Every structure is written in structure tokens, then in C-alpha cells.
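Printed here is run.pdb (PDB, C-alpha atoms and all ligand atoms):
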```
ATOM      1  CA  MET A1367      14.064  -8.925  -5.013  1.00  0.00           C
ATOM      2  CA  VAL A1368      11.276 -10.767  -3.178  1.00  0.00           C
ATOM      3  CA  VAL A1369       8.006  -8.873  -2.992  1.00  0.00           C
ATOM      4  CA  ALA A1370       5.223  -9.969  -0.634  1.00  0.00           C
ATOM      5  CA  VAL A1371       1.619  -8.827  -0.558  1.00  0.00           C
ATOM      6  CA  TYR A1372      -0.346  -8.892   2.672  1.00  0.00           C
ATOM      7  CA  PRO A1373      -4.041  -8.805   1.765  1.00  0.00           C
ATOM      8  CA  GLY A1374      -6.789  -8.280   4.315  1.00  0.00           C
ATOM      9  CA  SER A1375      -9.834  -6.328   5.400  1.00  0.00           C
ATOM     10  CA  PHE A1376      -8.040  -4.258   8.075  1.00  0.00           C
ATOM     11  CA  ASP A1377     -11.329  -2.812   9.401  1.00  0.00           C
ATOM     12  CA  PRO A1378      -9.442  -1.276  11.160  1.00  0.00           C
ATOM     13  CA  ALA A1379      -5.870  -2.522  11.620  1.00  0.00           C
ATOM     14  CA  THR A1380      -4.811  -3.790  15.056  1.00  0.00           C
ATOM     15  CA  TYR A1381      -1.436  -4.261  16.733  1.00  0.00           C
ATOM     16  CA  GLY A1382      -1.664  -7.855  15.455  1.00  0.00           C
ATOM     17  CA  HIS A1383      -1.733  -6.677  11.830  1.00  0.00           C
ATOM     18  CA  LEU A1384       1.027  -4.129  12.440  1.00  0.00           C
ATOM     19  CA  ASP A1385       3.182  -6.831  14.021  1.00  0.00           C
ATOM     20  CA  ILE A1386       2.804  -9.032  10.929  1.00  0.00           C
ATOM     21  CA  ILE A1387       3.611  -6.101   8.612  1.00  0.00           C
ATOM     22  CA  ARG A1388       6.708  -5.145  10.599  1.00  0.00           C
ATOM     23  CA  ARG A1389       8.015  -8.709  10.694  1.00  0.00           C
ATOM     24  CA  ALA A1390       7.251  -9.313   6.999  1.00  0.00           C
ATOM     25  CA  SER A1391       9.166  -6.131   6.167  1.00  0.00           C
ATOM     26  CA  ILE A1392      12.269  -7.737   7.693  1.00  0.00           C
ATOM     27  CA  SER A1393      11.976 -10.974   5.701  1.00  0.00           C
ATOM     28  CA  PHE A1394      10.957  -9.513   2.336  1.00  0.00           C
ATOM     29  CA  ASP A1395      12.452  -6.738   0.232  1.00  0.00           C
ATOM     30  CA  LYS A1396       9.095  -5.052  -0.229  1.00  0.00           C
ATOM     31  CA  VAL A1397       5.693  -5.563   1.396  1.00  0.00           C
ATOM     32  CA  VAL A1398       2.540  -4.326  -0.317  1.00  0.00           C
ATOM     33  CA  VAL A1399      -0.365  -4.271   2.112  1.00  0.00           C
ATOM     34  CA  GLY A1400      -3.604  -4.796   0.167  1.00  0.00           C
ATOM     35  CA  VAL A1401      -6.794  -3.411   1.674  1.00  0.00           C
ATOM     36  CA  LEU A1402      -9.753  -5.283   0.228  1.00  0.00           C
ATOM     37  CA  HIS A1403     -12.603  -3.268  -1.216  1.00  0.00           C
ATOM     38  CA  ASN A1404     -15.377  -5.829  -1.097  1.00  0.00           C
ATOM     39  CA  SER A1405     -18.616  -4.399  -2.469  1.00  0.00           C
ATOM     40  CA  ALA A1406     -20.535  -7.359  -0.997  1.00  0.00           C
ATOM     41  CA  LYS A1407     -19.592  -6.343   2.570  1.00  0.00           C
ATOM     42  CA  THR A1408     -20.222  -3.184   4.565  1.00  0.00           C
ATOM     43  CA  PRO A1409     -17.100  -2.468   6.589  1.00  0.00           C
ATOM     44  CA  LEU A1410     -17.107   0.109   9.396  1.00  0.00           C
ATOM     45  CA  PHE A1411     -14.392   2.138   7.638  1.00  0.00           C
ATOM     46  CA  SER A1412     -14.363   2.914   3.921  1.00  0.00           C
ATOM     47  CA  VAL A1413     -11.489   1.476   1.917  1.00  0.00           C
ATOM     48  CA  GLU A1414      -9.930   4.965   1.683  1.00  0.00           C
ATOM     49  CA  GLU A1415     -10.107   5.367   5.464  1.00  0.00           C
ATOM     50  CA  ARG A1416      -8.577   1.928   6.054  1.00  0.00           C
ATOM     51  CA  VAL A1417      -5.741   2.696   3.631  1.00  0.00           C
ATOM     52  CA  ASN A1418      -5.104   6.102   5.289  1.00  0.00           C
ATOM     53  CA  ILE A1419      -5.069   4.577   8.765  1.00  0.00           C
ATOM     54  CA  LEU A1420      -2.566   1.923   7.720  1.00  0.00           C
ATOM     55  CA  GLU A1421      -0.377   4.356   5.780  1.00  0.00           C
ATOM     56  CA  LYS A1422       0.047   6.488   8.899  1.00  0.00           C
ATOM     57  CA  ALA A1423       0.731   3.434  11.060  1.00  0.00           C
ATOM     58  CA  VAL A1424       3.542   2.120   8.821  1.00  0.00           C
ATOM     59  CA  ILE A1425       5.055   5.454   7.805  1.00  0.00           C
ATOM     60  CA  ASP A1426       8.343   4.571   9.557  1.00  0.00           C
ATOM     61  CA  ILE A1427       8.841   1.338   7.566  1.00  0.00           C
ATOM     62  CA  PRO A1428      10.435   2.315   4.247  1.00  0.00           C
ATOM     63  CA  ASN A1429       9.803  -0.933   2.339  1.00  0.00           C
ATOM     64  CA  VAL A1430       6.058  -1.086   3.044  1.00  0.00           C
ATOM     65  CA  VAL A1431       3.361   0.425   0.839  1.00  0.00           C
ATOM     66  CA  VAL A1432      -0.410   0.288   1.319  1.00  0.00           C
ATOM     67  CA  LYS A1433      -2.847  -0.016  -1.580  1.00  0.00           C
ATOM     68  CA  PRO A1434      -6.550  -0.709  -1.995  1.00  0.00           C
ATOM     69  CA  PHE A1435      -7.561  -3.664  -4.156  1.00  0.00           C
ATOM     70  CA  GLU A1436     -10.648  -5.368  -5.523  1.00  0.00           C
ATOM     71  CA  GLY A1437     -11.077  -8.935  -6.677  1.00  0.00           C
ATOM     72  CA  LEU A1438      -8.671 -11.804  -6.162  1.00  0.00           C
ATOM     73  CA  SER A1439      -5.643 -11.606  -3.890  1.00  0.00           C
ATOM     74  CA  VAL A1440      -3.585 -13.562  -6.434  1.00  0.00           C
ATOM     75  CA  ASN A1441      -4.318 -10.923  -9.078  1.00  0.00           C
ATOM     76  CA  PHE A1442      -3.251  -8.245  -6.604  1.00  0.00           C
ATOM     77  CA  ALA A1443      -0.068 -10.254  -6.028  1.00  0.00           C
ATOM     78  CA  ARG A1444       0.630 -10.471  -9.761  1.00  0.00           C
ATOM     79  CA  GLU A1445      -0.116  -6.793 -10.371  1.00  0.00           C
ATOM     80  CA  ASN A1446       2.513  -5.997  -7.757  1.00  0.00           C
ATOM     81  CA  HIS A1447       5.027  -8.560  -9.080  1.00  0.00           C
ATOM     82  CA  ALA A1448       4.839 -10.398  -5.755  1.00  0.00           C
ATOM     83  CA  GLN A1449       6.031 -13.976  -5.345  1.00  0.00           C
ATOM     84  CA  VAL A1450       4.525 -14.325  -1.874  1.00  0.00           C
ATOM     85  CA  ILE A1451       1.223 -13.765  -0.074  1.00  0.00           C
ATOM     86  CA  VAL A1452       1.694 -13.217   3.655  1.00  0.00           C
ATOM     87  CA  ARG A1453      -0.982 -14.093   6.193  1.00  0.00           C
ATOM     88  CA  GLY A1454      -0.934 -14.164   9.968  1.00  0.00           C
ATOM     89  CA  LEU A1455      -1.935 -17.266  11.895  1.00  0.00           C
ATOM     90  CA  ARG A1456      -3.231 -16.634  15.398  1.00  0.00           C
ATOM     91  CA  ALA A1457      -4.497 -20.019  16.500  1.00  0.00           C
ATOM     92  CA  VAL A1458      -5.635 -23.379  15.233  1.00  0.00           C
ATOM     93  CA  THR A1459      -9.098 -21.868  14.656  1.00  0.00           C
ATOM     94  CA  ASP A1460      -7.606 -19.724  11.865  1.00  0.00           C
ATOM     95  CA  PHE A1461      -5.924 -22.674  10.274  1.00  0.00           C
ATOM     96  CA  GLU A1462      -8.764 -24.332   8.352  1.00  0.00           C
ATOM     97  CA  TYR A1463      -9.880 -21.132   6.619  1.00  0.00           C
ATOM     98  CA  GLU A1464      -6.323 -20.012   5.960  1.00  0.00           C
ATOM     99  CA  LEU A1465      -5.313 -23.390   4.561  1.00  0.00           C
ATOM    100  CA  GLN A1466      -8.352 -23.451   2.254  1.00  0.00           C
ATOM    101  CA  MET A1467      -7.561 -19.930   1.082  1.00  0.00           C
ATOM    102  CA  ALA A1468      -3.869 -20.735   0.544  1.00  0.00           C
ATOM    103  CA  GLN A1469      -4.717 -23.878  -1.408  1.00  0.00           C
ATOM    104  CA  THR A1470      -7.286 -22.036  -3.545  1.00  0.00           C
ATOM    105  CA  ASN A1471      -4.720 -19.344  -4.249  1.00  0.00           C
ATOM    106  CA  ARG A1472      -2.171 -22.012  -5.150  1.00  0.00           C
ATOM    107  CA  VAL A1473      -4.568 -23.570  -7.671  1.00  0.00           C
ATOM    108  CA  LEU A1474      -5.251 -20.140  -9.146  1.00  0.00           C
ATOM    109  CA  ALA A1475      -1.607 -19.037  -9.149  1.00  0.00           C
ATOM    110  CA  PRO A1476       0.959 -21.833  -8.643  1.00  0.00           C
ATOM    111  CA  ASP A1477       3.742 -19.276  -8.966  1.00  0.00           C
ATOM    112  CA  VAL A1478       2.607 -17.376  -5.856  1.00  0.00           C
ATOM    113  CA  ASP A1479       3.344 -18.965  -2.476  1.00  0.00           C
ATOM    114  CA  THR A1480       1.533 -18.260   0.771  1.00  0.00           C
ATOM    115  CA  VAL A1481       3.782 -17.717   3.773  1.00  0.00           C
ATOM    116  CA  PHE A1482       2.237 -17.769   7.246  1.00  0.00           C
ATOM    117  CA  LEU A1483       3.693 -15.778  10.093  1.00  0.00           C
ATOM    118  CA  THR A1484       2.537 -16.873  13.523  1.00  0.00           C
ATOM    119  CA  THR A1485       1.072 -13.943  15.380  1.00  0.00           C
ATOM    120  CA  SER A1486       3.123 -12.789  18.351  1.00  0.00           C
ATOM    121  CA  LEU A1487       1.719 -14.331  21.509  1.00  0.00           C
ATOM    122  CA  GLU A1488       0.577 -11.031  23.006  1.00  0.00           C
ATOM    123  CA  TYR A1489      -1.786 -10.470  20.059  1.00  0.00           C
ATOM    124  CA  ALA A1490      -3.011 -14.032  19.585  1.00  0.00           C
ATOM    125  CA  TYR A1491      -6.494 -13.242  20.923  1.00  0.00           C
ATOM    126  CA  LEU A1492      -6.873 -10.012  18.979  1.00  0.00           C
ATOM    127  CA  SER A1493      -9.012  -9.255  15.909  1.00  0.00           C
ATOM    128  CA  SER A1494     -10.595  -6.164  14.364  1.00  0.00           C
ATOM    129  CA  THR A1495     -14.003  -7.643  15.239  1.00  0.00           C
ATOM    130  CA  ILE A1496     -13.097  -8.035  18.928  1.00  0.00           C
ATOM    131  CA  MET A1497     -11.626  -4.521  18.999  1.00  0.00           C
ATOM    132  CA  LYS A1498     -14.815  -3.065  17.458  1.00  0.00           C
ATOM    133  CA  GLU A1499     -16.970  -4.889  19.994  1.00  0.00           C
ATOM    134  CA  VAL A1500     -14.950  -3.530  22.922  1.00  0.00           C
ATOM    135  CA  ALA A1501     -15.096  -0.052  21.341  1.00  0.00           C
ATOM    136  CA  LEU A1502     -18.878  -0.267  20.985  1.00  0.00           C
ATOM    137  CA  PHE A1503     -19.252  -0.765  24.719  1.00  0.00           C
ATOM    138  CA  GLY A1504     -16.685   1.864  25.696  1.00  0.00           C
ATOM    139  CA  GLY A1505     -13.915  -0.489  26.848  1.00  0.00           C
ATOM    140  CA  ASP A1506     -10.211   0.331  27.044  1.00  0.00           C
ATOM    141  CA  LEU A1507      -8.676  -0.061  23.570  1.00  0.00           C
ATOM    142  CA  SER A1508      -5.097   0.875  24.415  1.00  0.00           C
ATOM    143  CA  ARG A1509      -3.768  -2.705  24.167  1.00  0.00           C
ATOM    144  CA  PHE A1510      -5.381  -3.323  20.770  1.00  0.00           C
ATOM    145  CA  ALA A1511      -4.048  -0.639  18.404  1.00  0.00           C
ATOM    146  CA  PRO A1512      -2.094   2.641  18.388  1.00  0.00           C
ATOM    147  CA  GLU A1513      -3.922   5.741  19.606  1.00  0.00           C
ATOM    148  CA  GLU A1514      -4.490   7.171  16.110  1.00  0.00           C
ATOM    149  CA  ILE A1515      -6.426   4.042  15.201  1.00  0.00           C
ATOM    150  CA  THR A1516      -8.384   3.729  18.450  1.00  0.00           C
ATOM    151  CA  ASP A1517      -9.277   7.449  18.272  1.00  0.00           C
ATOM    152  CA  ALA A1518     -10.546   6.991  14.712  1.00  0.00           C
ATOM    153  CA  LEU A1519     -12.554   3.978  15.855  1.00  0.00           C
ATOM    154  CA  LYS A1520     -14.128   5.815  18.807  1.00  0.00           C
ATOM    155  CA  GLN A1521     -15.001   8.755  16.554  1.00  0.00           C
ATOM    156  CA  LYS A1522     -16.545   6.459  13.957  1.00  0.00           C
ATOM    157  CA  ILE A1523     -18.684   4.746  16.581  1.00  0.00           C
ATOM    158  CA  ARG A1524     -19.820   8.079  18.066  1.00  0.00           C
ATOM    159  CA  LYS A1525     -20.965   9.229  14.617  1.00  0.00           C
ATOM    160  CA  ARG A1526     -23.099   6.148  14.001  1.00  0.00           C
TER     161      ARG A1526
HETATM  162  O1  LIG A1601      -8.600  -9.764   6.875  1.00  0.00           O
HETATM  163  P1  LIG A1601      -9.405 -10.878   6.278  1.00  0.00           P
HETATM  164  O2  LIG A1601     -10.853 -10.473   6.155  1.00  0.00           O
HETATM  165  O3  LIG A1601      -9.222 -12.182   6.998  1.00  0.00           O
HETATM  166  O4  LIG A1601      -8.817 -11.069   4.792  1.00  0.00           O
HETATM  167  C1  LIG A1601      -9.389 -11.999   3.916  1.00  0.00           C
HETATM  168  C2  LIG A1601      -8.841 -11.804   2.489  1.00  0.00           C
HETATM  169  C3  LIG A1601      -9.022 -10.363   2.038  1.00  0.00           C
HETATM  170  C4  LIG A1601      -7.377 -12.144   2.458  1.00  0.00           C
HETATM  171  C5  LIG A1601      -9.621 -12.791   1.577  1.00  0.00           C
HETATM  172  O5  LIG A1601     -10.990 -12.626   1.757  1.00  0.00           O
HETATM  173  C6  LIG A1601      -9.283 -12.585   0.109  1.00  0.00           C
HETATM  174  O6  LIG A1601      -8.222 -12.939  -0.347  1.00  0.00           O
HETATM  175  N1  LIG A1601     -10.231 -11.953  -0.620  1.00  0.00           N
HETATM  176  C7  LIG A1601     -10.069 -11.644  -2.005  1.00  0.00           C
HETATM  177  C8  LIG A1601     -10.836 -12.639  -2.864  1.00  0.00           C
HETATM  178  C9  LIG A1601     -10.001 -13.879  -3.126  1.00  0.00           C
HETATM  179  O7  LIG A1601      -8.866 -13.795  -3.537  1.00  0.00           O
HETATM  180  N2  LIG A1601     -10.598 -15.057  -2.895  1.00  0.00           N
HETATM  181  C10 LIG A1601      -9.928 -16.322  -3.179  1.00  0.00           C
HETATM  182  C11 LIG A1601      -9.218 -16.863  -1.975  1.00  0.00           C
HETATM  183  S1  LIG A1601     -10.363 -17.724  -0.982  1.00  0.00           S
END
```
I need this file expressed as C-alpha cells, please.
Ligand code: PNS
Amino acid sequence: MVVAVYPGSFDPATYGHLDIIRRASISFDKVVVGVLHNSAKTPLFSVEERVNILEKAVIDIPNVVVKPFEGLSVNFARENHAQVIVRGLRAVTDFEYELQMAQTNRVLAPDVDTVFLTTSLEYAYLSSTIMKEVALFGGDLSRFAPEEITDALKQKIRKR
């Protein structure tokens, strides 16, 4: 049984993230999505909110679970008996950071491999940051994430 973890900030998840999760769920027996609780950063959504949002979005995929985590991704991988860390690659601009992260993780945990999935072309431009910026200025979010997520984002921005 090959278990993969997919760590990230997911603040909040976009169609790009959901595409990676769905495709990883086909290649691996189990996918554990890890939502990073980073006390050094102030995300828009709390870790509990980000986990809830993702849980609802992947409810129809039986071999995917969503969990919060703190600390190193490789430790999260080990705790979940995962052999693989999955990351999405959108463009060459992602590559340097992703390669550095993958190599660091390999030094820390040679038994855990990083597997990159190339983001589907229609989401190659998309990021949570871009989606939040469009939301802030009242733009149309329908191409960026499912309605439950964009509604939660609009509500969060209204409350601020
Ligand atoms: O969605 P993001 O913000 O691009 O995800 C980045 C993430 C969470 C995968 C990365 O910051 C991470 O792995 N953080 C945990 C700390 C860690 O393991 N650092 C060592 C690798 S550089």
C-alpha cells in the first residue's frame, strides 16, 4: 500500500489544489492532505477552517483524508506511514523552491520521495494568493474554487 502526503498551506484551497488531490488519489492507495499550522505566519483562515473547507471539498474521494500538522513535512509523512510527498508544479517559477524543498526533505528523510504532479493547464496561473487578491477587490471567483470555498472567502473578507 503506497501512502502519499500532500502538505501545504491551503489558505484556502483552489481548483488547482483539488486537481492535484484528485489525481494523486488515482495514483496512490491513500492520500493524506496535510494543512500546515505555522505559528510564524498569519493565514486568512485558521487551520481548523482550512481543514474543514478541504474535508468538504474532497468528501467524494474515499481514499483521501485531511489532517492539520505542525513542524516538518517529513515528520508528517512518517507519522502517516507515507512513502511519498506529493507537490504540484505550476510553472518553472515554482521549480527552484520546490526542488530546494524536495532536496531538503530528501536529506532529512531519504526514505520519503517527493513526487511532482504538473498542474493541469487550466489552473497553471492559479494560487490562493491570487484568488484572495481577486476576492479583496470583488472580482469573479467562480473559475478559482468551488462555491463553498469562494463563499467562505467572501464572508471572511467581509468580516475583516
Ligand atoms: O502551500 P505551500 O505554502 O506552498 O506549502 C509549503 C509547505 C507547507 C509544503 C512547506 O512550507 C513545508 O513543508 N513546511 C513545513 C516545514 C518543513 O518541512 N520545512 C522543510 C522543507 S523546506
For chain A versus ligand LIG 1601 (chain A), which residues have an atom no more than 6 Å away, and what is each residue's nearest atom pair and distance in Å rounded to one decimal, using all atoms listed in the file, chain-then-number order, as JSON lines?
```
{"residue": "A:Pro1373", "atom": "CA", "partner": "A:LIG1601", "partner_atom": "C4", "distance": 4.8}
{"residue": "A:Gly1374", "atom": "CA", "partner": "A:LIG1601", "partner_atom": "O1", "distance": 3.5}
{"residue": "A:Ser1375", "atom": "CA", "partner": "A:LIG1601", "partner_atom": "O1", "distance": 3.9}
{"residue": "A:Phe1376", "atom": "CA", "partner": "A:LIG1601", "partner_atom": "O1", "distance": 5.7}
{"residue": "A:Leu1402", "atom": "CA", "partner": "A:LIG1601", "partner_atom": "C3", "distance": 5.4}
{"residue": "A:Gly1437", "atom": "CA", "partner": "A:LIG1601", "partner_atom": "C8", "distance": 5.3}
{"residue": "A:Leu1438", "atom": "CA", "partner": "A:LIG1601", "partner_atom": "O7", "distance": 3.3}
{"residue": "A:Ser1439", "atom": "CA", "partner": "A:LIG1601", "partner_atom": "O7", "distance": 3.9}
{"residue": "A:Met1467", "atom": "CA", "partner": "A:LIG1601", "partner_atom": "S1", "distance": 4.1}
{"residue": "A:Thr1470", "atom": "CA", "partner": "A:LIG1601", "partner_atom": "C11", "distance": 5.7}
{"residue": "A:Asn1471", "atom": "CA", "partner": "A:LIG1601", "partner_atom": "C11", "distance": 5.6}
```
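Using all atoms listed in the file, the shortest contact distance between Val1371 in chain A and any of A:His1447, A:Lys1525, A:Lys1422, A:Arg1416 is found at A:His1447.
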Contacts of Glu1513 in chain A at 12 Å (all atoms listed in the file; same-chain gap of 4+ positions) as a CSV table (one decimal) with C-alpha atoms, in the frame of the given file:
```csv
chain,number,residue,atom,x,y,z
A,1379,ALA,CA,-5.9,-2.5,11.6
A,1380,THR,CA,-4.8,-3.8,15.1
A,1381,TYR,CA,-1.4,-4.3,16.7
A,1419,ILE,CA,-5.1,4.6,8.8
A,1422,LYS,CA,0.0,6.5,8.9
A,1423,ALA,CA,0.7,3.4,11.1
A,1506,ASP,CA,-10.2,0.3,27.0
A,1507,LEU,CA,-8.7,-0.1,23.6
A,1508,SER,CA,-5.1,0.9,24.4
A,1509,ARG,CA,-3.8,-2.7,24.2
A,1517,ASP,CA,-9.3,7.4,18.3
A,1518,ALA,CA,-10.5,7.0,14.7
A,1519,LEU,CA,-12.6,4.0,15.9
A,1520,LYS,CA,-14.1,5.8,18.8
A,1521,GLN,CA,-15.0,8.8,16.6
```
Query raised in the report: CA of Asp1460 in chain A and CA of Ile1392 in chain A, how far apart in Å?
Result: 23.6 Å
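Computed from the coordinates, the CA of Pro1476 in chain A to CA of Val1401 in chain A distance equals 22.5 Å.
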Query raised in the report: Hey, can you check how far CA of Leu1483 in chain A sits from CA of Ile1386 in chain A?
Result: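 Result for CA of Leu1483 in chain A versus CA of Ile1386 in chain A: 6.9 Å, one decimal.
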Report task. List the residues selected by the PyMOL selection byres (((chain A and resi 1369) around 6) and not hetatm) in the file shown, writing them as a PyMOL selection string. Result -> chain A and resi 1368+1370+1395-1397+1448-1449
Query - Who sits within 10 Å of Val1398 in chain A, all atoms listed in the file, same chain under 6 positions skipped, as JSON, numbers by chain - result: {"A": [1369, 1370, 1371, 1372, 1373, 1387, 1391, 1429, 1430, 1431, 1432, 1433, 1434, 1442, 1443, 1446, 1448, 1451, 1452]}
**Report entry** Who sits within 9 Å of Leu1502 in chain A, all atoms listed in the file, same chain under 5 positions skipped, as a ChimeraX atom specification
**Finding:** /A:1497,1520,1523-1524
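Closest to Ser1393 in chain A among A:Ala1475, A:Val1458, A:Val1413, A:Val1481 is A:Val1481, based on all atoms listed in the file.
Distances here use only C-alpha atoms; by that measure, the residue among A:Leu1384, A:Ala1468, A:Val1450, A:Leu1420 closest to Tyr1489 in chain A is A:Leu1384.
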